[in-house]
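File shown here: work-v7.cif, holding mmCIF, C-alpha atoms.
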```
data_run
loop_
_atom_site.label_atom_id
_atom_site.label_comp_id
_atom_site.auth_asym_id
_atom_site.auth_seq_id
_atom_site.Cartn_x
_atom_site.Cartn_y
_atom_site.Cartn_z
CA MET A 1 0.00 0.00 0.00
CA GLU A 2 1.27 3.46 -0.93
CA PHE A 3 0.73 6.32 1.50
CA SER A 4 1.09 9.92 0.44
CA SER A 5 1.67 10.84 4.08
CA LYS A 6 4.42 9.54 6.36
CA LEU A 7 2.29 10.38 9.41
CA ILE A 8 -0.53 8.18 8.19
CA GLU A 9 1.90 5.45 7.20
CA LYS A 10 3.43 5.35 10.68
CA ALA A 11 0.04 5.31 12.42
CA VAL A 12 -1.20 2.53 10.12
CA ASN A 13 1.96 0.50 10.70
CA GLU A 14 1.58 0.75 14.47
CA MET A 15 -2.12 -0.09 14.37
CA SER A 16 -1.61 -3.08 12.09
CA GLN A 17 0.67 -4.70 14.69
CA LEU A 18 -2.43 -5.44 16.75
CA PRO A 19 -3.76 -8.98 16.28
CA GLY A 20 -6.45 -9.33 13.62
CA ILE A 21 -5.87 -5.80 12.30
CA GLY A 22 -4.47 -5.76 8.78
CA LYS A 23 -3.18 -2.74 6.90
CA ARG A 24 -6.56 -2.03 5.32
CA THR A 25 -8.44 -2.15 8.61
CA ALA A 26 -5.73 -0.06 10.26
CA LEU A 27 -6.12 2.56 7.53
CA ARG A 28 -9.89 2.59 8.02
CA LEU A 29 -9.44 3.14 11.76
CA VAL A 30 -6.84 5.85 11.26
CA LEU A 31 -9.03 7.69 8.74
CA HIS A 32 -11.91 7.40 11.20
CA LEU A 33 -9.79 9.12 13.86
CA LEU A 34 -9.02 11.86 11.33
CA LYS A 35 -12.72 12.58 10.94
CA GLN A 36 -13.23 12.86 14.70
CA PRO A 37 -12.21 15.83 16.85
CA LYS A 38 -8.54 15.77 17.93
CA GLU A 39 -9.48 15.09 21.55
CA HIS A 40 -10.83 11.62 20.66
CA THR A 41 -7.42 10.43 19.51
CA GLY A 42 -5.91 12.00 22.62
CA PHE A 43 -8.37 10.19 24.91
CA LEU A 44 -7.72 6.87 23.19
CA ALA A 45 -3.94 7.25 23.35
CA GLN A 46 -4.07 8.39 26.97
CA ALA A 47 -6.32 5.51 28.05
CA LEU A 48 -3.99 2.96 26.45
CA VAL A 49 -0.80 4.43 27.88
CA THR A 50 -2.27 4.88 31.39
CA MET A 51 -3.61 1.35 31.32
CA ARG A 52 -0.29 -0.09 30.19
CA GLU A 53 1.77 1.93 32.66
CA GLU A 54 -0.38 1.55 35.74
CA ILE A 55 -1.83 -1.91 35.48
CA ARG A 56 -0.60 -4.42 38.04
CA TYR A 57 -1.02 -8.09 38.62
CA CYS A 58 -2.60 -9.30 41.83
CA THR A 59 0.18 -10.75 44.00
CA THR A 60 -2.17 -13.50 45.19
CA CYS A 61 -3.91 -14.76 42.06
CA HIS A 62 -1.99 -13.02 39.19
CA ASN A 63 -5.20 -11.54 37.82
CA ILE A 64 -4.91 -8.02 36.39
CA SER A 65 -5.66 -5.41 38.98
CA ASP A 66 -5.52 -1.69 39.63
CA PHE A 67 -4.06 -2.42 43.07
CA GLU A 68 -1.62 -4.87 44.69
CA THR A 69 -4.45 -7.26 45.53
CA CYS A 70 -7.34 -7.64 43.12
CA GLU A 71 -10.98 -6.93 43.92
CA ILE A 72 -11.81 -10.63 43.99
CA CYS A 73 -9.02 -11.64 46.37
CA LYS A 74 -9.82 -8.62 48.58
CA ASN A 75 -13.53 -9.49 48.84
CA PRO A 76 -14.30 -11.05 52.27
CA ASN A 77 -17.65 -12.37 50.96
CA ARG A 78 -15.94 -14.78 48.59
CA ASN A 79 -14.94 -18.28 49.57
CA HIS A 80 -11.14 -18.22 49.71
CA GLN A 81 -10.99 -21.99 50.17
CA ILE A 82 -12.16 -22.74 46.63
CA VAL A 83 -9.66 -21.85 43.92
CA CYS A 84 -10.53 -21.93 40.23
CA VAL A 85 -7.42 -22.39 38.06
CA VAL A 86 -7.60 -20.62 34.70
CA GLU A 87 -5.22 -19.89 31.85
CA ASP A 88 -5.94 -16.30 31.21
CA ILE A 89 -7.40 -13.06 32.52
CA ARG A 90 -10.21 -13.40 29.99
CA ASP A 91 -11.28 -16.68 31.55
CA VAL A 92 -11.73 -14.90 34.89
CA MET A 93 -14.01 -12.39 33.18
CA ALA A 94 -15.97 -15.13 31.44
CA ILE A 95 -16.57 -17.05 34.68
CA GLU A 96 -17.35 -13.86 36.62
CA ASN A 97 -19.99 -13.02 34.01
CA THR A 98 -21.81 -16.27 34.74
CA GLY A 99 -22.31 -15.21 38.37
CA GLN A 100 -22.02 -18.90 39.36
CA PHE A 101 -18.69 -18.86 41.13
CA ARG A 102 -18.08 -17.34 44.57
CA GLY A 103 -14.58 -18.67 45.19
CA ILE A 104 -11.29 -17.08 44.11
CA TYR A 105 -9.09 -17.59 41.05
CA HIS A 106 -5.56 -18.49 40.17
CA VAL A 107 -4.39 -17.27 36.78
CA LEU A 108 -1.61 -19.44 35.31
CA GLY A 109 -0.83 -17.07 32.46
CA GLY A 110 -0.99 -19.80 29.84
CA LYS A 111 -0.63 -23.56 29.59
CA ILE A 112 2.32 -25.89 29.24
CA SER A 113 3.13 -26.05 25.55
CA PRO A 114 6.57 -27.36 24.57
CA ILE A 115 5.88 -26.51 20.93
CA ASP A 116 5.57 -22.82 21.85
CA GLY A 117 8.49 -23.10 24.27
CA ILE A 118 6.29 -22.65 27.35
CA GLY A 119 7.38 -24.81 30.26
CA PRO A 120 5.96 -25.02 33.81
CA SER A 121 8.50 -22.49 35.10
CA GLN A 122 7.06 -19.76 32.87
CA LEU A 123 3.61 -20.22 34.37
CA HIS A 124 2.37 -19.28 37.85
CA ILE A 125 2.29 -22.88 39.02
CA SER A 126 4.64 -22.75 42.02
CA THR A 127 2.56 -20.06 43.77
CA LEU A 128 -0.52 -22.27 43.38
CA VAL A 129 1.28 -25.30 44.82
CA GLU A 130 2.48 -23.16 47.74
CA LYS A 131 -1.06 -21.98 48.41
CA VAL A 132 -2.25 -25.58 48.55
CA LYS A 133 0.62 -26.60 50.84
CA LEU A 134 -0.24 -23.78 53.24
CA GLY A 135 -3.50 -25.65 53.84
CA THR A 136 -5.86 -22.74 53.22
CA VAL A 137 -7.38 -24.34 50.12
CA ASN A 138 -10.16 -26.96 50.25
CA GLU A 139 -10.96 -27.38 46.58
CA ILE A 140 -9.20 -26.78 43.29
CA ILE A 141 -11.33 -26.46 40.14
CA PHE A 142 -9.43 -26.78 36.86
CA ALA A 143 -11.02 -24.57 34.21
CA LEU A 144 -8.45 -24.87 31.43
CA SER A 145 -9.39 -25.44 27.83
CA SER A 146 -9.71 -29.12 26.99
CA THR A 147 -6.81 -29.37 24.58
CA MET A 148 -3.74 -31.54 24.90
CA GLU A 149 -1.86 -28.58 26.42
CA GLY A 150 -4.68 -27.92 28.87
CA ASP A 151 -4.81 -31.56 29.95
CA THR A 152 -1.04 -31.70 30.31
CA THR A 153 -1.09 -28.62 32.51
CA ASN A 154 -3.92 -29.99 34.64
CA PHE A 155 -2.06 -33.24 35.11
CA TYR A 156 1.25 -31.54 35.90
CA ILE A 157 -0.37 -29.49 38.65
CA TYR A 158 -2.45 -32.40 39.88
CA LYS A 159 0.63 -34.54 40.47
CA GLN A 160 2.11 -31.85 42.71
CA ILE A 161 -0.98 -31.25 44.83
CA ALA A 162 -2.40 -34.79 44.92
CA THR A 163 -0.74 -35.50 48.26
CA ALA A 164 -2.71 -32.73 49.94
CA SER A 165 -6.15 -33.85 51.10
CA ILE A 166 -8.18 -31.46 48.96
CA VAL A 167 -10.95 -31.92 46.43
CA VAL A 168 -9.74 -31.52 42.84
CA SER A 169 -12.34 -31.13 40.09
CA THR A 170 -12.55 -29.95 36.51
CA ILE A 171 -15.39 -27.97 34.99
CA ALA A 172 -18.07 -30.08 33.30
CA ARG A 173 -17.82 -30.75 29.56
CA GLY A 174 -20.91 -31.48 27.58
CA ILE A 175 -23.37 -30.21 25.05
CA ALA A 176 -23.97 -26.47 25.29
CA VAL A 177 -27.32 -25.29 26.63
CA GLY A 178 -29.65 -24.81 23.65
CA ASP A 179 -27.58 -27.00 21.30
CA GLU A 180 -29.08 -29.90 19.40
CA LEU A 181 -27.70 -33.38 19.98
CA GLU A 182 -27.40 -34.33 16.34
CA TYR A 183 -24.83 -31.60 15.66
CA ALA A 184 -22.61 -32.35 18.66
CA ASP A 185 -19.28 -34.13 18.18
CA GLU A 186 -18.97 -37.66 19.58
CA VAL A 187 -16.42 -36.80 22.27
CA THR A 188 -18.56 -34.02 23.73
CA LEU A 189 -21.76 -36.05 23.54
CA GLY A 190 -19.92 -38.99 25.10
CA ARG A 191 -18.80 -36.81 28.00
CA SER A 192 -22.35 -35.52 28.42
CA ILE A 193 -23.59 -39.08 28.91
CA LEU A 194 -20.65 -40.21 31.04
CA HIS A 195 -20.98 -37.25 33.42
CA ARG A 196 -24.78 -37.13 33.49
CA VAL A 197 -26.29 -35.34 36.49
CA PRO A 198 -29.30 -36.38 38.63
CA PHE A 199 -32.45 -35.01 36.99
CA GLU A 200 -33.54 -33.03 40.05
CA ASN A 201 -30.16 -31.23 40.05
CA SER A 202 -30.47 -30.24 36.42
CA PHE A 203 -33.07 -27.54 37.24
CA LYS A 204 -30.94 -25.86 39.88
CA ASN A 205 -29.04 -22.77 39.00
CA ASN A 206 -26.91 -22.64 42.12
CA MET B 1 -19.13 -7.08 30.38
CA GLU B 2 -17.68 -6.83 33.90
CA PHE B 3 -14.14 -5.60 34.31
CA SER B 4 -12.22 -6.10 37.51
CA SER B 5 -9.98 -3.19 36.54
CA LYS B 6 -11.06 0.40 35.84
CA LEU B 7 -7.93 0.95 33.77
CA ILE B 8 -8.82 -1.93 31.46
CA GLU B 9 -12.44 -0.82 31.32
CA LYS B 10 -11.48 2.68 30.21
CA ALA B 11 -9.04 1.43 27.58
CA VAL B 12 -11.64 -1.02 26.24
CA ASN B 13 -14.31 1.69 26.12
CA GLU B 14 -12.05 4.00 24.14
CA MET B 15 -10.98 1.25 21.74
CA SER B 16 -14.53 0.10 21.13
CA GLN B 17 -15.46 3.55 19.81
CA LEU B 18 -13.51 2.74 16.67
CA PRO B 19 -15.69 1.48 13.80
CA GLY B 20 -16.03 -2.31 13.59
CA ILE B 21 -14.39 -2.83 17.00
CA GLY B 22 -16.80 -4.24 19.58
CA LYS B 23 -16.16 -4.62 23.30
CA ARG B 24 -14.84 -8.15 22.89
CA THR B 25 -12.40 -7.26 20.15
CA ALA B 26 -11.33 -4.18 22.10
CA LEU B 27 -10.60 -6.37 25.13
CA ARG B 28 -8.57 -8.75 22.99
CA LEU B 29 -6.51 -5.86 21.63
CA VAL B 30 -6.00 -4.35 25.09
CA LEU B 31 -4.91 -7.70 26.56
CA HIS B 32 -2.52 -8.08 23.63
CA LEU B 33 -0.94 -4.73 24.48
CA LEU B 34 -0.57 -5.94 28.09
CA LYS B 35 1.49 -8.90 26.91
CA GLN B 36 3.81 -6.67 24.88
CA PRO B 37 6.57 -4.48 26.32
CA LYS B 38 5.34 -1.09 27.58
CA GLU B 39 7.11 0.74 24.75
CA HIS B 40 4.81 -0.82 22.15
CA THR B 41 1.76 0.87 23.65
CA GLY B 42 3.75 4.09 23.86
CA PHE B 43 4.74 3.91 20.19
CA LEU B 44 1.16 3.22 19.13
CA ALA B 45 -0.26 6.06 21.21
CA GLN B 46 2.44 8.45 20.03
CA ALA B 47 1.96 7.57 16.35
CA LEU B 48 -1.78 8.19 16.61
CA VAL B 49 -1.50 11.48 18.48
CA THR B 50 1.29 12.82 16.23
CA MET B 51 -0.68 11.83 13.14
CA ARG B 52 -3.86 13.49 14.40
CA GLU B 53 -2.11 16.66 15.55
CA GLU B 54 0.19 17.23 12.60
CA ILE B 55 -1.76 16.00 9.62
CA ARG B 56 -2.85 18.67 7.17
CA TYR B 57 -5.00 18.82 4.11
CA CYS B 58 -3.50 19.89 0.81
CA THR B 59 -4.74 23.40 0.09
CA THR B 60 -5.01 22.57 -3.62
CA CYS B 61 -6.70 19.17 -3.74
CA HIS B 62 -7.82 18.59 -0.08
CA ASN B 63 -5.95 15.29 0.06
CA ILE B 64 -4.27 14.47 3.37
CA SER B 65 -0.72 15.66 3.45
CA ASP B 66 2.24 16.18 5.76
CA PHE B 67 2.77 19.59 4.20
CA GLU B 68 0.72 22.49 2.89
CA THR B 69 0.73 21.04 -0.63
CA CYS B 70 0.57 17.29 -1.07
CA GLU B 71 3.20 15.18 -2.84
CA ILE B 72 0.95 14.69 -5.84
CA CYS B 73 0.12 18.36 -6.38
CA LYS B 74 3.81 19.25 -5.85
CA ASN B 75 5.04 16.73 -8.42
CA PRO B 76 6.02 18.53 -11.68
CA ASN B 77 5.95 15.22 -13.59
CA ARG B 78 2.21 14.87 -13.18
CA ASN B 79 -0.26 16.35 -15.62
CA HIS B 80 -1.92 19.20 -13.73
CA GLN B 81 -4.48 19.71 -16.51
CA ILE B 82 -6.29 16.43 -15.78
CA VAL B 83 -8.21 16.39 -12.50
CA CYS B 84 -9.75 13.22 -11.08
CA VAL B 85 -12.63 14.01 -8.72
CA VAL B 86 -13.00 11.54 -5.82
CA GLU B 87 -15.04 11.34 -2.64
CA ASP B 88 -12.43 10.31 -0.19
CA ILE B 89 -8.75 10.07 0.64
CA ARG B 90 -8.97 6.30 0.31
CA ASP B 91 -10.06 6.64 -3.32
CA VAL B 92 -6.86 8.57 -4.04
CA MET B 93 -4.84 5.71 -2.56
CA ALA B 94 -6.81 3.12 -4.54
CA ILE B 95 -6.27 4.95 -7.84
CA GLU B 96 -2.61 5.65 -7.04
CA ASN B 97 -2.10 1.93 -6.44
CA THR B 98 -3.24 1.16 -10.00
CA GLY B 99 -0.37 3.26 -11.38
CA GLN B 100 -2.66 4.21 -14.32
CA PHE B 101 -3.27 7.86 -13.53
CA ARG B 102 -0.70 10.62 -13.96
CA GLY B 103 -2.96 13.62 -13.43
CA ILE B 104 -3.90 15.25 -10.13
CA TYR B 105 -6.85 14.76 -7.79
CA HIS B 106 -9.61 16.76 -6.17
CA VAL B 107 -11.01 15.25 -2.96
CA LEU B 108 -14.61 16.33 -2.33
CA GLY B 109 -14.73 14.90 1.19
CA GLY B 110 -17.99 13.02 0.58
CA LYS B 111 -20.99 13.19 -1.72
CA ILE B 112 -24.22 15.13 -1.70
CA SER B 113 -26.61 13.19 0.53
CA PRO B 114 -29.65 15.07 1.85
CA ILE B 115 -30.59 12.05 3.98
CA ASP B 116 -27.31 12.41 5.90
CA GLY B 117 -27.63 16.19 5.94
CA ILE B 118 -24.71 16.69 3.55
CA GLY B 119 -25.29 19.51 1.06
CA PRO B 120 -22.95 20.90 -1.63
CA SER B 121 -21.64 23.58 0.75
CA GLN B 122 -20.14 20.98 3.05
CA LEU B 123 -18.09 19.51 0.22
CA HIS B 124 -15.05 20.96 -1.54
CA ILE B 125 -17.02 21.77 -4.69
CA SER B 126 -16.48 25.52 -4.98
CA THR B 127 -12.68 25.16 -5.05
CA LEU B 128 -13.03 22.68 -7.93
CA VAL B 129 -15.31 25.03 -9.88
CA GLU B 130 -12.83 27.88 -9.32
CA LYS B 131 -9.98 25.71 -10.61
CA VAL B 132 -11.95 25.03 -13.79
CA LYS B 133 -12.86 28.71 -14.23
CA LEU B 134 -9.18 29.67 -13.97
CA GLY B 135 -8.71 27.74 -17.22
CA THR B 136 -5.82 25.53 -16.05
CA VAL B 137 -7.86 22.34 -16.32
CA ASN B 138 -8.40 20.43 -19.59
CA GLU B 139 -10.22 17.36 -18.37
CA ILE B 140 -12.30 16.38 -15.37
CA ILE B 141 -12.70 12.67 -14.58
CA PHE B 142 -15.49 11.80 -12.16
CA ALA B 143 -14.51 8.78 -10.04
CA LEU B 144 -17.35 8.78 -7.52
CA SER B 145 -19.17 5.62 -6.51
CA SER B 146 -22.09 4.86 -8.80
CA THR B 147 -24.87 5.36 -6.27
CA MET B 148 -27.70 7.86 -6.40
CA GLU B 149 -25.67 10.21 -4.19
CA GLY B 150 -22.61 9.81 -6.41
CA ASP B 151 -24.61 10.51 -9.56
CA THR B 152 -26.30 13.53 -7.94
CA THR B 153 -22.91 14.95 -6.98
CA ASN B 154 -21.50 14.35 -10.45
CA PHE B 155 -24.48 16.10 -12.03
CA TYR B 156 -24.39 19.03 -9.58
CA ILE B 157 -20.74 19.68 -10.41
CA TYR B 158 -21.23 19.05 -14.11
CA LYS B 159 -23.89 21.76 -14.35
CA GLN B 160 -21.50 24.32 -12.91
CA ILE B 161 -18.55 23.49 -15.15
CA ALA B 162 -20.40 22.59 -18.35
CA THR B 163 -19.97 26.10 -19.76
CA ALA B 164 -16.17 25.76 -19.69
CA SER B 165 -14.80 24.07 -22.79
CA ILE B 166 -13.23 21.09 -21.06
CA VAL B 167 -13.58 17.34 -21.44
CA VAL B 168 -15.70 15.77 -18.70
CA SER B 169 -15.62 11.99 -18.30
CA THR B 170 -16.50 9.35 -15.73
CA ILE B 171 -14.52 6.21 -15.00
CA ALA B 172 -15.68 3.14 -16.95
CA ARG B 173 -18.20 0.80 -15.36
CA GLY B 174 -18.31 -2.81 -16.39
CA ILE B 175 -17.55 -6.34 -15.47
CA ALA B 176 -14.46 -6.70 -13.29
CA VAL B 177 -11.37 -8.23 -14.85
CA GLY B 178 -11.50 -11.97 -14.17
CA ASP B 179 -15.24 -12.04 -13.42
CA GLU B 180 -17.59 -14.38 -15.22
CA LEU B 181 -20.44 -12.91 -17.26
CA GLU B 182 -23.16 -15.17 -15.88
CA TYR B 183 -22.72 -13.81 -12.34
CA ALA B 184 -22.74 -10.13 -13.31
CA ASP B 185 -25.81 -8.00 -12.58
CA GLU B 186 -27.78 -6.73 -15.59
CA VAL B 187 -26.97 -3.05 -15.10
CA THR B 188 -23.22 -3.67 -15.00
CA LEU B 189 -23.31 -6.07 -17.94
CA GLY B 190 -25.50 -3.60 -19.84
CA ARG B 191 -22.93 -0.85 -19.27
CA SER B 192 -20.14 -3.17 -20.39
CA ILE B 193 -21.90 -3.64 -23.72
CA LEU B 194 -23.00 -0.02 -24.14
CA HIS B 195 -19.48 1.31 -23.48
CA ARG B 196 -17.61 -1.40 -25.36
CA VAL B 197 -14.09 -0.49 -26.45
CA PRO B 198 -12.36 -1.16 -29.78
CA PHE B 199 -10.73 -4.60 -29.60
CA GLU B 200 -7.23 -3.32 -30.39
CA ASN B 201 -7.50 -0.89 -27.41
CA SER B 202 -8.47 -3.65 -25.00
CA PHE B 203 -4.89 -4.99 -24.87
CA LYS B 204 -3.35 -1.66 -24.04
CA ASN B 205 -2.42 -0.96 -20.47
CA ASN B 206 -1.71 2.74 -20.87
#
```

Any chance you could give the structure as C-alpha cells?
Amino acid sequence: MEFSSKLIEKAVNEMSQLPGIGKRTALRLVLHLLKQPKEHTGFLAQALVTMREEIRYCTTCHNISDFETCEICKNPNRNHQIVCVVEDIRDVMAIENTGQFRGIYHVLGGKISPIDGIGPSQLHISTLVEKVKLGTVNEIIFALSSTMEGDTTNFYIYKQIATASIVVSTIARGIAVGDELEYADEVTLGRSILHRVPFENSFKNN
Amino acid sequence: MEFSSKLIEKAVNEMSQLPGIGKRTALRLVLHLLKQPKEHTGFLAQALVTMREEIRYCTTCHNISDFETCEICKNPNRNHQIVCVVEDIRDVMAIENTGQFRGIYHVLGGKISPIDGIGPSQLHISTLVEKVKLGTVNEIIFALSSTMEGDTTNFYIYKQIATASIVVSTIARGIAVGDELEYADEVTLGRSILHRVPFENSFKNN
C-alpha cells in the first residue's frame, strides 16, 4: 500500500501490529480518527498508555488489577478456600460473568506447551502449589481449555498437589445449553452421557 | 461485560469507539498490548497522536498531506491539466495503487446526501469550480461511486462546469477483470456492452 503521508503510514503500521488488524483495517481506523475531533485520539492514546503503565497483577492470584491485591481476592464475601485455576485473565471475566462462582481464582498465564516453548516455570504454578501446601485451600477447580496442552497442565499441577487432602475437580464438559444433539461431536456427547447429572439437580441454577 | 480493573475498562471503552471494533475485540486488543513491552503501547499512542495533531489537508486538492501542498500536487511530472474528482482520501490511494493515472486529484470529502444532511456547501465543490474557471484544467474525470448520491454529486458539479470548454468523463463501469459474465448484474453487464471499447484498445495498459 502506498501512502502519500508519512504520518498516516506510521500510524497505520503501528495499528496493524495489533492482532487481527491488517493494513486495510488499520487505515480505516486511522481515517476514522481523522474525521473525529482531535481530543478523541488523545483520549484513546491516553487511556492505552495509562492502562499499560499503571496496570498491576494481583500478587495472590496473578489476575490483572488496579491495586496490589485484586478486587476478587480482597472481597471477604468470597470463599477463599475454593480456587478456580484458569489460563488467562479473559477466563476470569468469562466465569465472573456467569455469576455462578463465589470462590477465588488463580491465573496461570498460559498452559504448558513445549511446541511454543512454554514450560511449567514460565507459568504461575509454584505459587498455586504453595497456596495448597499452606493448607488454606479446600478445593481446586481446573477450568483450562480441553486441549492436549490444557490436559497436560492440569495433570502436571495435579501430580504436585495430589498428596494434599483437597478436592480436585474440573469444569463439566458437555453439550452447550440450547444445542441440538445431532450436531454435537462424539467426544462431547460422550462426556455428556458419562458425566450425566441427577435429573432433580439439572433444574438448579446454584 | 464486567471488568475487575477500571484501567482496562477505560481502555476497552475508548478502543470500542472505533468502527467495527466491539467490546470483545477491544478487550482482545488491550490484553494483547498488556502482553507486549510497555514501549509498544507508547509507540502506538504516540503515532496516533502525532498523526492526528500534525496531519494537514492539501490546500489545492484537499488530500491528506504532511505539508501544505501534497506530494501529488507538488510533483512537476504529473499532468496538472487532468483532475480526477474523488469522494475520499482512500479513493486517491486506490487509484494511485493502480499506477494508471498521472494527473492530479480533487477530494470532495464526501458526496451530496440530503438524507445524511450533507449539502454541496459541506463539500469541496467551490474550489473545484474555481480551478476550472481559472482555465488551467483540460479534463475532469469523475470517479465517484455509482450510487444515487454519487450521480447527484456528479451532475451538480457538471452543471456548474459545463460552460467551460473542457472534457468531462467518468470512469468506466463494467464487469471486473477476471469475473464471469453469468454472475454479473444486468446493469453492470449492460454498461459493459454499451461502453464497449475497440478490440485493439483492450490490450493496451496505458

Per residue of chain B within 6 Å of chain A, which atom pair is closest and at what distance in Å (one decimal), using all atoms listed in the file, listed by chain and increasing number, as JSON lines?
```
{"residue": "B:Ser5", "atom": "CA", "partner": "A:Ser65", "partner_atom": "CA", "distance": 5.4}
{"residue": "B:Leu7", "atom": "CA", "partner": "A:Met51", "partner_atom": "CA", "distance": 5.0}
{"residue": "B:Ala11", "atom": "CA", "partner": "A:Ala47", "partner_atom": "CA", "distance": 4.9}
{"residue": "B:Glu14", "atom": "CA", "partner": "A:Leu44", "partner_atom": "CA", "distance": 5.3}
{"residue": "B:Leu44", "atom": "CA", "partner": "A:Glu14", "partner_atom": "CA", "distance": 5.3}
{"residue": "B:Ala45", "atom": "CA", "partner": "A:Ala45", "partner_atom": "CA", "distance": 4.4}
{"residue": "B:Ala47", "atom": "CA", "partner": "A:Ala11", "partner_atom": "CA", "distance": 4.9}
{"residue": "B:Leu48", "atom": "CA", "partner": "A:Ala11", "partner_atom": "CA", "distance": 5.4}
{"residue": "B:Met51", "atom": "CA", "partner": "A:Leu7", "partner_atom": "CA", "distance": 5.0}
{"residue": "B:Ser65", "atom": "CA", "partner": "A:Ser5", "partner_atom": "CA", "distance": 5.4}
{"residue": "B:Asp66", "atom": "CA", "partner": "A:Ser5", "partner_atom": "CA", "distance": 5.6}
```

### Task
With the file shown as input, list the residues that the PyMOL selection byres ((chain B and resi 153) around 9) selects, as a count of residues only.
15

### Message
Which residues would end up in the selection if the PyMOL selection byres ((chain B and resi 169-175) around 6) were applied here, given that I need the answer as a PyMOL selection string?
### Response
chain B and resi 141-143+168+176+188+191-192

### Message
Around (-13.5, 23.2, -26.0), as given in the file, which residues come within 12 Å? Count only C-alpha atoms and list them as a list in words.
### Response
Gly135, Val137, Asn138, Glu139, Ile161, Ala162, Thr163, Ala164, Ser165, Ile166, Val167 and Val168 of chain B

### Nearby residues (only C-alpha atoms) at most 12 Å from Ser126 (chain B), same-chain spacing under 3 positions excluded, as a list in words
Thr60, Cys61, His106, Val107, Leu108, Pro120, Ser121, Gln122, Leu123, Val129, Glu130, Lys131, Val132, Lys133, Tyr156, Ile157, Gln160 and Ile161 of chain B

### Message
Once the PyMOL selection byres ((chain A and resi 78) around 7) is applied to the coordinates I shared, what remains selected? I want it as a VMD selection string.
### Response
chain A and resid 75 to 77 79 to 80 102 to 104

### Message
Would you compute the distance between CA of Glu87 (chain B) and CA of Ser146 (chain B)? Give it in Å to one decimal.
### Response
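Computing it gives 11.4 Å between the two atoms.
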
### Message
Considering only C-alpha atoms, can you say which of B:His195, B:Thr98, B:Ala26, B:Gly110 comes closest to Ser145 (chain B)?
### Response
B:Gly110

### Query
What does the distance from CA of Ile125 (chain A) to CA of Ile95 (chain A) come to in Å, to one decimal?
20.2 Å

### Query
Which value, in Å to one decimal, gives the distance between CA of Thr127 (chain A) and CA of Thr147 (chain A)?
23.3 Å

Since the input has fewer atoms than a full residue there, write region 38-49 of chain A out with N, CA, C and O atoms, as a PDB file, keeping the file's coordinate frame.
```pdb
ATOM      1  N   LYS A  38      -9.881  16.159  17.468  1.00  0.00           N
ATOM      2  CA  LYS A  38      -8.540  15.770  17.930  1.00  0.00           C
ATOM      3  C   LYS A  38      -8.556  15.117  19.305  1.00  0.00           C
ATOM      4  O   LYS A  38      -7.755  14.233  19.593  1.00  0.00           O
ATOM      5  N   GLU A  39      -9.452  15.594  20.173  1.00  0.00           N
ATOM      6  CA  GLU A  39      -9.480  15.090  21.550  1.00  0.00           C
ATOM      7  C   GLU A  39      -9.699  13.574  21.579  1.00  0.00           C
ATOM      8  O   GLU A  39      -9.153  12.887  22.431  1.00  0.00           O
ATOM      9  N   HIS A  40     -10.520  13.055  20.646  1.00  0.00           N
ATOM     10  CA  HIS A  40     -10.830  11.620  20.660  1.00  0.00           C
ATOM     11  C   HIS A  40      -9.559  10.790  20.578  1.00  0.00           C
ATOM     12  O   HIS A  40      -9.391   9.820  21.313  1.00  0.00           O
ATOM     13  N   THR A  41      -8.678  11.162  19.657  1.00  0.00           N
ATOM     14  CA  THR A  41      -7.420  10.430  19.510  1.00  0.00           C
ATOM     15  C   THR A  41      -6.601  10.570  20.797  1.00  0.00           C
ATOM     16  O   THR A  41      -5.998   9.606  21.260  1.00  0.00           O
ATOM     17  N   GLY A  42      -6.628  11.771  21.371  1.00  0.00           N
ATOM     18  CA  GLY A  42      -5.910  12.000  22.620  1.00  0.00           C
ATOM     19  C   GLY A  42      -6.425  11.108  23.735  1.00  0.00           C
ATOM     20  O   GLY A  42      -5.643  10.486  24.456  1.00  0.00           O
ATOM     21  N   PHE A  43      -7.756  11.029  23.864  1.00  0.00           N
ATOM     22  CA  PHE A  43      -8.370  10.190  24.910  1.00  0.00           C
ATOM     23  C   PHE A  43      -7.963   8.726  24.728  1.00  0.00           C
ATOM     24  O   PHE A  43      -7.599   8.052  25.683  1.00  0.00           O
ATOM     25  N   LEU A  44      -8.059   8.266  23.486  1.00  0.00           N
ATOM     26  CA  LEU A  44      -7.720   6.870  23.190  1.00  0.00           C
ATOM     27  C   LEU A  44      -6.272   6.583  23.567  1.00  0.00           C
ATOM     28  O   LEU A  44      -5.971   5.633  24.300  1.00  0.00           O
ATOM     29  N   ALA A  45      -5.375   7.449  23.091  1.00  0.00           N
ATOM     30  CA  ALA A  45      -3.940   7.250  23.350  1.00  0.00           C
ATOM     31  C   ALA A  45      -3.667   7.283  24.851  1.00  0.00           C
ATOM     32  O   ALA A  45      -2.934   6.447  25.382  1.00  0.00           O
ATOM     33  N   GLN A  46      -4.292   8.241  25.538  1.00  0.00           N
ATOM     34  CA  GLN A  46      -4.070   8.390  26.970  1.00  0.00           C
ATOM     35  C   GLN A  46      -4.558   7.164  27.743  1.00  0.00           C
ATOM     36  O   GLN A  46      -3.875   6.666  28.639  1.00  0.00           O
ATOM     37  N   ALA A  47      -5.740   6.673  27.365  1.00  0.00           N
ATOM     38  CA  ALA A  47      -6.320   5.510  28.050  1.00  0.00           C
ATOM     39  C   ALA A  47      -5.408   4.295  27.896  1.00  0.00           C
ATOM     40  O   ALA A  47      -5.184   3.549  28.850  1.00  0.00           O
ATOM     41  N   LEU A  48      -4.860   4.120  26.692  1.00  0.00           N
ATOM     42  CA  LEU A  48      -3.990   2.960  26.450  1.00  0.00           C
ATOM     43  C   LEU A  48      -2.692   3.074  27.241  1.00  0.00           C
ATOM     44  O   LEU A  48      -2.269   2.127  27.891  1.00  0.00           O
ATOM     45  N   VAL A  49      -2.085   4.257  27.198  1.00  0.00           N
ATOM     46  CA  VAL A  49      -0.800   4.430  27.880  1.00  0.00           C
ATOM     47  C   VAL A  49      -0.984   4.310  29.396  1.00  0.00           C
ATOM     48  O   VAL A  49      -0.221   3.608  30.065  1.00  0.00           O
TER      49      VAL A  49
END
```
